[in-house]
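K.L.:
Once you've had a glance at the structure underneath, I'll fire off some questions.
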Amino acid sequence: IRLLLMDLHISSTTMADEKEPDEKEQQLREKIASQKTHMANLPTLQSIVDETGFTSPATKARAQLIKELSDNEEQLELLLESKRVTAVVRLQDELHPPENSEDCPICLETIKHVNCMTIRRFDCCGGFTCKQCCDERNKDEEEGLADKLRGKCPLCRGKMPREGDDKESLTRALEHANKGRAWAQMKLGTWYLTGMNGFALDKQKGLQLLEQAADQRYPDALFMMALAYSGEMLERDESKYMYYLKEAADLGHQSAQKRLG
């Protein structure tokens, strides 16, 4: 019932947004309407080609008009999709906190959308802090104010894997992945899919791990699945690419939202 009510709420809000287009949307709609009216009064491209030839100035001018109309229609489509994503995120925040929000264990500030752009994950215990707390800790270490904690996790106080120690990182990531932790499954899956960090390329195993993380609706995993199906790692699959991209965007993943315009 709650999902149905949320869908109805989203639909009504989207309809309201469509009734009150912003300035950019209005300009695009007016431009498209004007272009269509203008082109309706012109001969078709085929008739111009038949009369003047394929490479004539008239043919090129007509083709340019078609291209400009197509570009504007694409811009409008991307703008509307971006507004849809924004509306979904806003409504989700209004109805209930984002499902992937957490409080930073150090500063206690709420991290609205937990993903690789908002937190710093520690392989030792699997915990994390917000990026700001991590940056402040790094600054303290650079200034020699955190010698006692140098190389130690700020949460469990355990020794963190050294930078570039792929073997140790793999061991820790495997431990967490075997416990079903989505962030570790996503990390390993990406390494196998790309052959990074000394991992042998294994697309089948990498995809399996990414799917396990994506099934838990982990935003970074959803976005990585979109990248995989964009053609960067696997054969391009447009429907899967858009599905995972929208899923990640709806959970507040900024990179996914940017790709949607």
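Residues in the structure tokens are named by chain (A, B, ... in the order shown) and by number from 1 within that chain; ligands are numbered from 1 in the order shown.
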Please identify all polymer residues within 12 Å of Lys246 of chain A, counting only C-alpha atoms, omitting same-chain residues fewer than 5 positions from it, and present them as a count of residues only.
P.N.:
27
K.L.:
Name the residues in contact with segment 36-50 of chain A at a cut-off of 12 Å, using only C-alpha atoms, excluding same-chain residues fewer than 5 positions from it; report them as a PyMOL selection string.
P.N.:
chain A and resi 29-31+55-70+72-73
K.L.:
Kindly give the distance, in Å, that separates atom CA of Lys179 of chain A and atom CA of Arg137 of chain A, rounded to a single decimal.
P.N.:
28.7 Å
K.L.:
Rounded to one decimal, what separation in Å do you get between atom CA of Glu211 of chain A and atom CA of Ala228 of chain A?
P.N.:
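Atom-to-atom, atom CA of Glu211 of chain A and atom CA of Ala228 of chain A are spaced 11.1 Å apart.
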K.L.:
Excluding Leu201 of chain A and its own-chain neighbours fewer than 6 positions away, which residues fall within 8 Å of it when counting only C-alpha atoms? Please give them as a PyMOL selection string.
P.N.:
chain A and resi 191-195
K.L.:
Which of these residues is nearest to Trp183 of chain A, using only C-alpha atoms: A:Lys112, A:Arg236, A:Lys139, A:Arg121?
P.N.:
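The closest residue to Trp183 of chain A is A:Arg121.
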K.L.:
Fewer than 2 positions away in the same chain doesn't count, so skip those; otherwise give me all residues within 6 Å of Cys104 of chain A, counting only C-alpha atoms, as a PyMOL selection string.
P.N.:
chain A and resi 106-109+129-130
K.L.:
With N, CA and C atoms retained, write the just-selected residues as a compact mmCIF listing (two decimals), in the first residue's frame.
P.N.:
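Output contents, as saved in out.txt:
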# COMPACT_ATOMS: atom_id res chain seq x y z
N ILE A 106 31.85 9.31 13.97
CA ILE A 106 32.76 10.25 14.62
C ILE A 106 32.07 11.58 14.89
N CYS A 107 31.57 12.22 13.84
CA CYS A 107 30.94 13.54 14.03
C CYS A 107 29.44 13.44 14.25
N LEU A 108 28.86 12.25 14.01
CA LEU A 108 27.43 11.97 14.19
C LEU A 108 26.53 12.72 13.21
N GLU A 109 27.11 13.38 12.23
CA GLU A 109 26.30 14.01 11.19
C GLU A 109 25.71 12.94 10.28
N THR A 129 33.61 6.42 7.77
CA THR A 129 33.35 7.75 8.30
C THR A 129 32.96 8.63 7.13
N CYS A 130 32.44 9.81 7.43
CA CYS A 130 32.13 10.75 6.36
C CYS A 130 33.44 11.28 5.78
K.L.:
Which of segment 82-257 of chain A counts as alpha helix (DSSP H) under DSSP, as number ranges by chain please?
P.N.:
A: 82-95, 131-142, 166-178, 182-194, 203-215, 219-227, 238-250, 254-257
K.L.:
From the DSSP assignment of the backbone, select every residue of segment 36-238 of chain A that is strand (DSSP E), and format the answer as number ranges by chain.
P.N.:
A: 102-103, 110-111, 119-121, 128-130
K.L.:
Just give me the gap between atom CA of Thr171 of chain A and atom CA of Ala221 of chain A in Å, one decimal is fine.
P.N.:
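Rounded to one decimal, the two atoms are 20.0 Å apart.
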K.L.:
Identify which of the residues A:Leu188, A:Thr110, A:Thr118, A:Asp71 lies closest to Gln132 of chain A, counting only C-alpha atoms when measuring atom-to-atom distances.
P.N.:
A:Thr118
